[in-house]
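Text of the file protein-v3.txt, holding compact mmCIF, C-alpha atoms and all ligand atoms:
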```
# COMPACT_ATOMS: atom_id res chain seq x y z
CA MET A 1 -36.73 66.64 -24.05
CA THR A 2 -33.51 67.49 -25.83
CA ASP A 3 -32.50 65.03 -28.49
CA PRO A 4 -30.81 62.15 -26.69
CA GLN A 5 -28.75 61.29 -29.75
CA GLN A 6 -27.22 64.74 -29.97
CA LYS A 7 -23.68 64.62 -28.57
CA GLN A 8 -22.64 67.51 -26.37
CA PRO A 9 -19.09 68.88 -25.92
CA GLY A 10 -18.78 67.41 -22.42
CA ASP A 11 -19.75 63.94 -23.60
CA ALA A 12 -16.19 62.63 -23.97
CA LEU A 13 -15.36 63.65 -20.41
CA GLU A 14 -18.59 62.14 -19.16
CA ALA A 15 -17.97 58.93 -21.09
CA GLY A 16 -14.60 58.67 -19.33
CA LEU A 17 -16.26 59.15 -15.96
CA ILE A 18 -18.86 56.51 -16.77
CA GLU A 19 -16.13 54.02 -17.69
CA LYS A 20 -14.30 54.76 -14.43
CA ALA A 21 -17.53 54.40 -12.48
CA LYS A 22 -18.04 51.00 -14.09
CA GLN A 23 -14.67 50.02 -12.54
CA GLY A 24 -15.95 51.14 -9.15
CA ASP A 25 -14.11 54.47 -8.94
CA ALA A 26 -15.56 56.56 -6.10
CA GLN A 27 -14.43 59.86 -7.56
CA ALA A 28 -16.08 59.11 -10.89
CA PHE A 29 -19.36 58.37 -9.13
CA GLN A 30 -19.08 61.62 -7.23
CA ALA A 31 -18.18 63.65 -10.33
CA LEU A 32 -21.23 62.29 -12.18
CA TYR A 33 -23.36 63.07 -9.15
CA ASP A 34 -22.00 66.61 -8.92
CA LYS A 35 -22.73 67.21 -12.58
CA HIS A 36 -26.36 66.09 -12.45
CA LYS A 37 -27.46 66.56 -8.83
CA ARG A 38 -29.11 69.96 -9.27
CA ARG A 39 -31.27 68.86 -12.15
CA VAL A 40 -32.38 65.65 -10.43
CA TYR A 41 -32.95 67.26 -7.05
CA SER A 42 -34.87 70.19 -8.54
CA LEU A 43 -37.12 67.79 -10.42
CA CYS A 44 -37.81 65.84 -7.22
CA LEU A 45 -38.39 69.04 -5.25
CA ARG A 46 -40.83 70.52 -7.79
CA MET A 47 -42.78 67.27 -8.00
CA THR A 48 -43.04 66.74 -4.23
CA SER A 49 -42.74 70.28 -2.78
CA ASN A 50 -40.88 68.73 0.13
CA THR A 51 -37.12 69.01 0.65
CA ALA A 52 -36.72 65.86 2.78
CA GLU A 53 -38.66 63.75 0.30
CA ALA A 54 -36.79 65.33 -2.59
CA GLU A 55 -33.42 64.45 -1.03
CA ASP A 56 -34.51 60.87 -0.37
CA LEU A 57 -35.72 60.55 -3.95
CA THR A 58 -32.52 62.07 -5.32
CA GLN A 59 -30.54 59.51 -3.36
CA GLU A 60 -32.78 56.70 -4.58
CA ALA A 61 -32.53 57.81 -8.22
CA PHE A 62 -28.72 57.94 -8.19
CA LEU A 63 -28.45 54.63 -6.34
CA GLN A 64 -30.73 52.92 -8.85
CA LEU A 65 -28.70 54.39 -11.67
CA TYR A 66 -25.32 53.45 -10.22
CA ARG A 67 -26.45 49.89 -9.54
CA LYS A 68 -27.19 49.61 -13.26
CA ILE A 69 -24.29 51.63 -14.60
CA GLY A 70 -22.55 48.49 -15.82
CA THR A 71 -25.36 48.03 -18.35
CA PHE A 72 -25.07 51.57 -19.77
CA ARG A 73 -23.89 51.27 -23.37
CA GLY A 74 -24.12 54.89 -24.44
CA GLU A 75 -26.84 54.51 -27.08
CA SER A 76 -28.69 57.38 -25.46
CA ALA A 77 -27.31 60.28 -23.45
CA PHE A 78 -26.46 59.52 -19.86
CA SER A 79 -28.47 62.54 -18.71
CA THR A 80 -31.55 61.35 -20.61
CA TRP A 81 -31.25 57.97 -18.92
CA LEU A 82 -30.79 59.52 -15.49
CA HIS A 83 -33.66 62.00 -15.81
CA ARG A 84 -36.07 59.41 -17.09
CA LEU A 85 -35.14 57.13 -14.22
CA SER A 86 -35.53 60.02 -11.76
CA VAL A 87 -39.01 60.78 -13.10
CA ASN A 88 -39.96 57.13 -12.61
CA VAL A 89 -38.64 57.16 -9.05
CA VAL A 90 -40.72 60.25 -8.24
CA LEU A 91 -43.87 58.94 -9.91
CA MET A 92 -43.53 55.65 -8.06
CA HIS A 93 -43.22 57.60 -4.83
CA LEU A 94 -46.32 59.69 -5.59
CA ARG A 95 -48.28 56.56 -6.44
CA LYS A 96 -47.22 54.93 -3.19
CA LYS A 97 -48.54 57.98 -1.36
CA SER A 98 -51.75 57.63 -3.37
CA LEU A 99 -51.30 61.10 -4.80
CA PRO A 100 -52.72 61.56 -8.28
CA VAL A 101 -49.89 61.54 -10.79
CA VAL A 102 -52.26 62.96 -13.34
CA SER A 103 -55.79 64.17 -12.86
CA LEU A 104 -58.30 61.41 -13.60
CA GLU A 105 -60.74 63.49 -15.60
CA GLU A 106 -60.24 63.55 -19.34
CA THR A 107 -60.40 66.69 -21.42
CA THR A 108 -63.15 68.64 -19.71
CA GLN A 109 -64.34 71.82 -21.29
CA VAL A 110 -62.42 74.95 -20.58
CA GLY A 111 -64.41 77.13 -18.25
CA GLU A 112 -66.10 74.24 -16.43
CA GLU A 113 -63.72 74.21 -13.50
CA ASP A 114 -60.29 75.18 -12.32
CA THR A 115 -60.22 78.17 -14.56
CA PRO A 116 -59.70 81.60 -13.07
CA LYS A 117 -62.91 82.96 -11.67
CA LYS A 118 -61.65 85.98 -9.83
CA ASP A 119 -61.75 89.22 -11.71
CA PHE A 120 -58.51 91.08 -11.14
CA GLY A 121 -59.43 94.09 -13.23
CA ALA A 122 -58.09 95.13 -16.59
CA GLU A 123 -55.11 97.08 -15.29
CA ASP A 124 -53.38 93.99 -13.88
CA LEU A 125 -54.70 91.60 -16.48
CA ALA A 126 -51.33 90.70 -17.90
CA LEU A 127 -48.32 89.44 -15.98
CA ALA A 128 -46.36 92.21 -17.69
CA GLY A 129 -44.00 89.89 -19.49
CA SER A 130 -41.95 88.79 -16.52
CA ILE A 131 -42.38 86.46 -13.59
CA ASP A 132 -40.29 86.33 -10.48
CA ARG A 133 -38.76 82.85 -10.22
CA LEU A 134 -39.55 82.46 -6.54
CA GLN A 135 -43.16 83.43 -7.09
CA LEU A 136 -43.50 80.93 -9.89
CA GLN A 137 -41.88 78.28 -7.71
CA LYS A 138 -44.39 78.90 -4.93
CA ALA A 139 -47.27 78.87 -7.37
CA VAL A 140 -46.13 75.54 -8.82
CA ASP A 141 -45.98 74.15 -5.28
CA ASP A 142 -49.60 75.26 -4.82
CA LEU A 143 -50.79 73.40 -7.92
CA PRO A 144 -52.82 70.24 -7.38
CA PRO A 145 -50.41 67.27 -7.74
CA GLY A 146 -52.02 66.02 -10.95
CA TYR A 147 -51.54 69.34 -12.73
CA ARG A 148 -48.10 69.80 -11.24
CA THR A 149 -46.73 66.57 -12.70
CA ILE A 150 -47.62 67.46 -16.27
CA PHE A 151 -46.48 71.06 -15.92
CA VAL A 152 -43.10 70.06 -14.46
CA LEU A 153 -42.52 67.35 -17.05
CA HIS A 154 -43.51 69.53 -20.02
CA ASP A 155 -42.62 73.12 -19.22
CA VAL A 156 -39.80 72.62 -16.73
CA GLU A 157 -38.16 69.40 -17.94
CA GLY A 158 -39.00 69.74 -21.62
CA TYR A 159 -40.69 66.41 -22.31
CA GLU A 160 -43.09 66.21 -25.27
CA HIS A 161 -46.74 65.22 -24.76
CA ASN A 162 -46.24 61.81 -26.37
CA GLU A 163 -43.33 61.11 -24.00
CA ILE A 164 -45.39 62.26 -21.01
CA ALA A 165 -48.28 60.06 -22.09
CA THR A 166 -45.92 57.05 -22.07
CA ILE A 167 -44.19 57.96 -18.82
CA VAL A 168 -47.32 58.83 -16.87
CA GLY A 169 -49.72 56.43 -18.54
CA CYS A 170 -52.32 58.87 -19.81
CA SER A 171 -53.54 59.92 -23.24
CA ILE A 172 -51.76 62.63 -25.21
CA GLY A 173 -54.99 64.64 -25.14
CA ASN A 174 -55.13 64.38 -21.38
CA SER A 175 -51.54 65.57 -21.10
CA LYS A 176 -52.29 68.61 -23.27
CA SER A 177 -55.47 69.39 -21.38
CA GLN A 178 -53.77 69.09 -17.97
CA LEU A 179 -50.94 71.32 -19.10
CA HIS A 180 -53.33 74.01 -20.28
CA LYS A 181 -55.21 73.87 -17.00
CA ALA A 182 -51.99 73.94 -15.02
CA ARG A 183 -50.85 77.09 -16.81
CA MET A 184 -54.27 78.71 -16.34
CA LYS A 185 -54.19 77.86 -12.65
CA LEU A 186 -50.66 79.23 -12.34
CA ARG A 187 -51.72 82.44 -14.02
CA ASP A 188 -54.57 82.71 -11.57
CA LEU A 189 -52.29 82.09 -8.59
CA LEU A 190 -49.65 84.55 -9.81
CA ARG A 191 -52.18 87.29 -10.47
CA MET A 192 -53.79 86.69 -7.12
CA LYS A 193 -50.42 87.08 -5.38
CA ARG A 194 -49.66 90.16 -7.42
CA SER A 195 -53.03 91.62 -6.55
CA GLU A 196 -52.54 90.88 -2.82
CA LYS A 197 -49.12 92.50 -2.93
CA ALA A 198 -50.52 95.59 -4.65
CA GLN A 199 -53.25 95.93 -2.03
CA LYS A 200 -50.74 95.76 0.82
CA SER A 201 -48.47 98.44 -0.58
CA MET B 1 -64.27 82.23 -32.97
CA THR B 2 -65.60 83.19 -29.54
CA CYS B 3 -63.44 83.73 -26.43
CA VAL B 4 -64.42 80.30 -25.06
CA GLU B 5 -63.56 78.66 -28.38
CA LEU B 6 -60.23 80.48 -28.43
CA GLN B 7 -59.41 79.20 -24.94
CA GLU B 8 -60.38 75.66 -25.89
CA SER B 9 -58.21 75.87 -28.99
CA LEU B 10 -55.18 76.71 -26.84
CA ILE B 11 -55.10 73.10 -25.61
CA GLU B 12 -54.01 71.99 -29.07
CA ASN B 13 -52.26 75.17 -30.24
CA ASP B 14 -50.92 76.96 -27.21
CA SER B 15 -49.02 79.67 -29.08
CA GLY B 16 -52.19 81.10 -30.63
CA GLY B 17 -50.64 80.90 -34.08
CA THR B 18 -53.39 79.38 -36.21
CA ALA B 19 -55.23 81.66 -38.63
CA ALA B 20 -58.47 81.50 -36.64
CA GLN B 21 -56.66 82.20 -33.37
CA ARG B 22 -54.73 85.10 -34.84
CA ALA B 23 -57.93 86.61 -36.20
CA HIS B 24 -59.56 86.49 -32.78
CA LEU B 25 -56.50 87.73 -30.90
CA ARG B 26 -56.21 90.76 -33.15
CA ASP B 27 -59.59 92.02 -31.97
CA CYS B 28 -59.67 90.71 -28.38
CA PRO B 29 -57.19 92.21 -25.91
CA HIS B 30 -58.57 89.98 -23.13
CA CYS B 31 -57.60 86.77 -24.94
CA ALA B 32 -54.38 88.34 -26.27
CA GLY B 33 -53.37 89.09 -22.66
CA LEU B 34 -54.23 85.53 -21.66
CA VAL B 35 -52.13 83.96 -24.43
CA ALA B 36 -49.23 86.27 -23.62
CA ASP B 37 -49.40 85.34 -19.92
CA LEU B 38 -49.49 81.60 -20.63
CA LEU B 39 -46.46 81.90 -22.88
CA VAL B 40 -44.60 83.90 -20.24
CA ILE B 41 -45.37 81.17 -17.68
CA ALA B 42 -44.23 78.43 -20.05
CA CYS B 43 -40.97 80.26 -20.78
CA ALA B 44 -40.26 81.11 -17.14
CA ALA B 45 -40.74 77.46 -16.14
CA GLY B 46 -37.38 76.57 -17.68
CA GLU B 47 -35.68 78.60 -14.95
CA LEU B 48 -36.94 76.13 -12.36
CA ARG B 49 -34.85 73.40 -13.96
CA ALA B 50 -31.73 72.74 -11.88
CA ALA B 51 -32.61 75.67 -9.62
CA HIS B 52 -31.83 73.89 -6.33
CA GLU B 53 -28.97 71.99 -4.80
CA PRO B 54 -29.35 69.02 -2.46
CA GLY B 55 -27.58 69.04 0.92
CA PRO B 56 -24.09 67.50 1.14
CA HIS B 57 -25.38 64.61 3.24
CA VAL B 58 -27.19 63.25 0.16
CA TRP B 59 -23.91 62.35 -1.51
CA ASN B 60 -22.55 60.98 1.77
CA SER B 61 -25.52 58.62 2.03
CA ILE B 62 -25.16 57.56 -1.59
CA GLU B 63 -21.43 56.90 -1.15
CA THR B 64 -22.03 54.90 2.02
CA SER B 65 -24.57 52.71 0.24
CA LEU B 66 -22.31 52.25 -2.78
CA ARG B 67 -19.44 51.11 -0.56
CA ARG B 68 -21.65 48.82 1.49
CA GLU B 69 -23.01 47.22 -1.68
CA GLY B 70 -19.52 46.86 -3.14
CA ILE B 71 -20.32 49.09 -6.14
CA ILE B 72 -17.44 51.36 -5.19
CA LYS B 73 -14.53 48.95 -5.35
CA PRO B 74 -11.89 48.93 -2.60
CA PHE B 75 -9.06 49.32 -5.10
CA ALA B 76 -10.67 52.03 -7.14
CA ARG B 77 -9.17 55.28 -5.87
CA ARG B 78 -10.99 56.37 -2.74
CA SER B 79 -11.58 59.84 -1.53
CA LEU B 80 -12.47 60.43 2.06
CA LEU B 81 -11.48 64.03 2.17
CA PRO B 82 -14.42 65.70 0.38
CA SER B 83 -16.84 64.23 2.90
CA LEU B 84 -14.97 65.70 5.86
CA THR B 85 -16.59 68.96 6.70
CA GLY B 86 -15.98 69.33 10.40
CA SER B 87 -13.39 71.37 12.19
CA TRP B 88 -10.86 70.24 14.76
CA SER B 89 -8.47 71.02 17.57
CA TRP B 90 -5.13 69.64 18.66
CA THR B 91 -5.57 66.33 20.37
CA GLY B 92 -3.63 63.51 21.94
CA TRP B 93 -3.10 61.78 18.61
CA ALA B 94 -1.55 64.80 16.96
CA LEU B 95 2.02 63.56 17.16
CA PRO B 96 1.60 60.11 15.64
CA ALA B 97 -0.53 61.67 12.91
CA ALA B 98 2.12 64.26 12.19
CA ALA B 99 4.69 61.48 12.06
CA VAL B 100 2.67 59.63 9.49
CA VAL B 101 2.29 62.74 7.38
CA LEU B 102 6.01 63.44 7.52
CA ILE B 103 6.85 59.86 6.61
CA THR B 104 4.35 59.96 3.78
CA ILE B 105 5.79 63.18 2.42
CA GLY B 106 9.31 61.83 2.90
CA ILE B 107 8.53 58.70 0.95
CA LEU B 108 7.00 60.67 -1.88
CA VAL B 109 9.78 63.24 -2.27
CA ARG B 110 12.93 61.33 -1.24
CA PRO B 111 15.01 60.43 -4.28
CA HIS B 112 15.92 56.80 -4.34
CA ALA B 113 16.55 53.96 -6.74
CA PRO B 114 13.29 52.11 -7.25
CA PRO B 115 13.19 48.34 -7.51
CA PRO B 116 13.05 47.21 -11.12
CA GLY B 117 9.68 47.71 -12.74
CA VAL B 118 8.00 49.33 -9.75
CA VAL B 119 7.81 52.96 -10.81
CA THR B 120 4.56 54.37 -12.13
CA GLY B 121 3.25 57.91 -12.48
CA GLY B 122 5.90 59.44 -10.24
CA VAL B 123 4.77 57.54 -7.15
CA THR B 124 7.11 54.81 -6.02
CA SER B 125 5.99 51.78 -4.10
CA GLN B 126 8.34 49.54 -2.23
CA PRO B 127 8.05 47.15 0.68
CA ALA B 128 10.05 49.41 3.01
CA SER B 129 7.54 52.23 2.44
CA ASP B 130 4.59 50.01 3.25
CA ALA B 131 6.29 48.87 6.43
CA ALA B 132 7.25 52.39 7.52
CA LEU B 133 3.74 53.70 6.91
CA GLU B 134 2.16 50.71 8.56
CA ALA B 135 4.27 51.23 11.67
CA SER B 136 3.22 54.85 11.89
CA VAL B 137 -0.43 54.29 11.11
CA ALA B 138 -0.49 51.65 13.82
CA GLY B 139 0.36 54.46 16.26
CA LEU B 140 -2.87 56.27 15.44
CA ASN B 141 -5.67 55.42 17.80
CA ASP B 142 -9.12 55.41 16.23
CA ASN B 143 -10.80 55.54 19.62
CA ASP B 144 -8.93 58.72 20.53
CA LEU B 145 -10.09 60.38 17.35
CA LEU B 146 -13.69 59.29 17.80
CA ALA B 147 -13.73 60.32 21.46
CA GLU B 148 -12.53 63.76 20.43
CA VAL B 149 -15.22 63.98 17.75
CA ALA B 150 -17.88 62.89 20.22
CA GLU B 151 -16.83 65.61 22.61
CA GLN B 152 -16.15 68.48 20.20
CA ALA B 153 -18.46 67.86 17.25
CA PRO B 154 -21.04 65.15 18.00
CA ALA B 155 -22.85 65.86 14.74
CA LEU B 156 -19.83 64.59 12.83
CA GLN B 157 -19.36 61.43 14.85
CA ALA B 158 -21.31 59.18 12.48
CA GLN B 159 -19.44 60.59 9.51
CA TYR B 160 -16.05 60.03 11.09
CA THR B 161 -16.96 56.56 12.30
CA GLU B 162 -17.97 55.74 8.75
CA ASN B 163 -14.80 57.23 7.27
CA LEU B 164 -12.59 55.38 9.71
CA ARG B 165 -14.37 52.12 9.02
CA ASN B 166 -13.99 52.68 5.29
CA VAL B 167 -10.30 53.41 5.46
CA ASN B 168 -9.66 50.49 7.82
CA ASP B 169 -11.58 48.22 5.42
CA TYR B 170 -9.48 49.62 2.63
CA ILE B 171 -6.24 48.85 4.48
CA ARG B 172 -7.45 45.34 5.32
CA ASP B 173 -8.49 44.62 1.71
CA ALA B 174 -5.22 45.96 0.37
CA LYS B 175 -3.17 43.88 2.81
CA TYR B 176 -5.14 40.79 1.92
CA SER B 177 -4.51 41.35 -1.75
CA LEU B 178 -0.81 42.07 -1.19
CA ASP B 179 -0.43 38.90 0.89
CA ALA B 180 -1.95 36.94 -1.96
CA ASN B 181 0.26 38.64 -4.58
CA PRO B 182 3.37 40.07 -2.91
CA ASN B 183 4.83 41.27 -6.22
CA ASP B 184 1.66 42.95 -7.46
CA GLU B 185 2.43 46.60 -8.10
CA ASP B 186 -1.21 47.66 -7.91
CA ALA B 187 -1.62 45.97 -4.55
CA HIS B 188 1.44 47.82 -3.19
CA ARG B 189 0.08 51.10 -4.46
CA ALA B 190 -3.38 50.41 -3.04
CA LEU B 191 -1.90 49.75 0.39
CA MET B 192 0.15 52.95 0.18
CA ASP B 193 -2.95 54.89 -0.79
CA ALA B 194 -4.87 53.34 2.07
CA TYR B 195 -2.22 54.28 4.64
CA GLN B 196 -1.97 57.77 3.21
CA GLU B 197 -5.71 58.29 3.39
CA LYS B 198 -5.79 57.27 7.00
CA ALA B 199 -2.91 59.64 7.67
CA MET B 200 -4.80 62.39 5.85
CA LEU B 201 -7.88 61.72 7.93
CA PHE B 202 -5.89 62.47 11.06
CA GLU B 203 -4.01 65.29 9.39
CA MET B 204 -7.28 67.07 8.65
CA ALA B 205 -7.84 67.22 12.36
CA LEU B 206 -4.47 68.83 13.00
CA ASP B 207 -5.20 71.73 10.72
CA ARG B 208 -8.55 72.74 12.17
CA SER B 209 -10.02 74.08 15.33
CA LEU B 210 -13.47 73.30 16.56
CA PRO B 211 -15.99 76.10 16.86
ZN ZN C 301 -61.41 86.69 -26.69
```

Could you express the structure from this file as structure tokens?
Ligand SMILES: [Zn+2]
Amino acid sequence: MTDPQQKQPGDALEAGLIEKAKQGDAQAFQALYDKHKRRVYSLCLRMTSNTAEAEDLTQEAFLQLYRKIGTFRGESAFSTWLHRLSVNVVLMHLRKKSLPVVSLEETTQVGEEDTPKKDFGAEDLALAGSIDRLQLQKAVDDLPPGYRTIFVLHDVEGYEHNEIATIVGCSIGNSKSQLHKARMKLRDLLRMKRSEKAQKS
Amino acid sequence: MTCVELQESLIENDSGGTAAQRAHLRDCPHCAGLVADLLVIACAAGELRAAHEPGPHVWNSIETSLRREGIIKPFARRSLLPSLTGSWSWTGWALPAAAVVLITIGILVRPHAPPPGVVTGGVTSQPASDAALEASVAGLNDNDLLAEVAEQAPALQAQYTENLRNVNDYIRDAKYSLDANPNDEDAHRALMDAYQEKAMLFEMALDRSLP
């Protein structure tokens, strides 16, 4: 995650909006929402792979935040606060649905399971240095929920393994292992799609 | 280092930058391709951040909850207009609405001597303005507007019902506050704002035609 203490150029404007929101100013609430909605919604969407759920969770995250905005003192960045709260809202939702937030197994050996088994041939071994965003999106949606959580938090949202371990409630080693497996699985999925596409054309 | 050992080592050092990893990768194109792919995936993942936008109804729901819970305060400046997305035709309430708009504009642009100590930010509040606006806003019939919405754009009915309720609450709160403190400049301004927002709500309808 980016350093929460590092002040950004827009911070003064945002601080003004936060103060207005504390007074109950509707436009300030909306301006803060407009600034952060894409990030929060995208997080919810990647973690759930469901637009209706993602919208409900986005709403819930902002409502929880706005109910507590009077307590915001600015020690950390507003965005850090919001994103952490959003992650908690999503994880709570996944737990309620009894979906695994993180895979239960600890660091199993690479090659035991979930690693690519299909041989795609040497000519399409590499992903050629570029990945189509939509394809990656679909592949992430196809990940098992446990892998998806760690991948989204680390590679998409930029959290460190020690932060993920605290947020999710797993060991740092488990977070690293799950991330590696998630990337391996994604590579497998992407190559499979690429291979299918090549066969069709 | 074997290929399996290399892959296991990527859990701790995913960039393949340790001496042992580098030594293996130099001689093993299979593992070199794997490491390159995993790094490409990790880098591309950042593009998924903030890649999507929620529907406009998400903010509408949030705003409704914030108003209901009193987190958005009645006297903090309200904005109904951004949540109005429908389109409209001329209706039976067009004339009173137009009257309100004209009066509103007239009040804002007409030069006059303000009462002592009641001028702020270029907008002047005075009892006569409140009364004139109140008289005109009273001519607007909420039921007419909602009936028109129900007929022409049923999908927007809930939104308009909510907006009307909000602005009527706003007017009521502002009046209550002004009754309690007749000389309070903020209360005068809040009531003016409330009347103007109701006028704007109807004015929006004048400018649009339903599909
Ligand atoms: Zn190798």

inquiry  = Residues contacting ligand ZN 301 (chain C) - anything with an atom at most 8 Å away, using all atoms listed in the file - can you give me those as a PyMOL selection string?
reply    = chain B and resi 2-4+6-7+24-25+27-32

Export of the given selection (C-alpha atoms) as a PDB file, in the coordinates of the input:
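As a result, part_21.pdb now contains:
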```
ATOM      1  CA  THR B   2     -65.600  83.190 -29.540  1.00  0.00           C
ATOM      2  CA  CYS B   3     -63.440  83.730 -26.430  1.00  0.00           C
ATOM      3  CA  VAL B   4     -64.420  80.300 -25.060  1.00  0.00           C
ATOM      4  CA  LEU B   6     -60.230  80.480 -28.430  1.00  0.00           C
ATOM      5  CA  GLN B   7     -59.410  79.200 -24.940  1.00  0.00           C
ATOM      6  CA  HIS B  24     -59.560  86.490 -32.780  1.00  0.00           C
ATOM      7  CA  LEU B  25     -56.500  87.730 -30.900  1.00  0.00           C
ATOM      8  CA  ASP B  27     -59.590  92.020 -31.970  1.00  0.00           C
ATOM      9  CA  CYS B  28     -59.670  90.710 -28.380  1.00  0.00           C
ATOM     10  CA  PRO B  29     -57.190  92.210 -25.910  1.00  0.00           C
ATOM     11  CA  HIS B  30     -58.570  89.980 -23.130  1.00  0.00           C
ATOM     12  CA  CYS B  31     -57.600  86.770 -24.940  1.00  0.00           C
ATOM     13  CA  ALA B  32     -54.380  88.340 -26.270  1.00  0.00           C
TER      14      ALA B  32
END
```

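Of the residues under consideration (A:Asn162, A:Asn88, A:Ser79, A:Asn174), A:Asn174 shows the shortest atom-to-atom contact distance to chain B when counting only C-alpha atoms.
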
ask   = When the cut-off is 10 Å and we count only C-alpha atoms, which residues of chain B are near chain A, given as an MDAnalysis selection string?
value = chainID B and resid 4:14 29:30 32:55 57:63 65:67 69:80 82

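The smallest atom-to-atom distance between Thr166 in chain A and any of A:Ala139, A:Val87, A:Ala31, A:Leu17, using only C-alpha atoms, is found for A:Val87.
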
remark   = The distance between CA of Phe202 in chain B and CA of Thr64 in chain B is 20.0 Å

task = For CA of Glu19 in chain A and CA of Phe72 in chain A, determine how far apart the two atoms are, in Å to one decimal place.
result = 9.5 Å

ask   = Separation of CA of Leu178 in chain B and CA of Leu191 in chain B, in Å?
value = 7.9 Å

message = Nearest residue to Ala19 in chain B out of B:Arg189, B:Ala131, B:Met1, B:Leu164, using all atoms listed in the file?
response = B:Met1
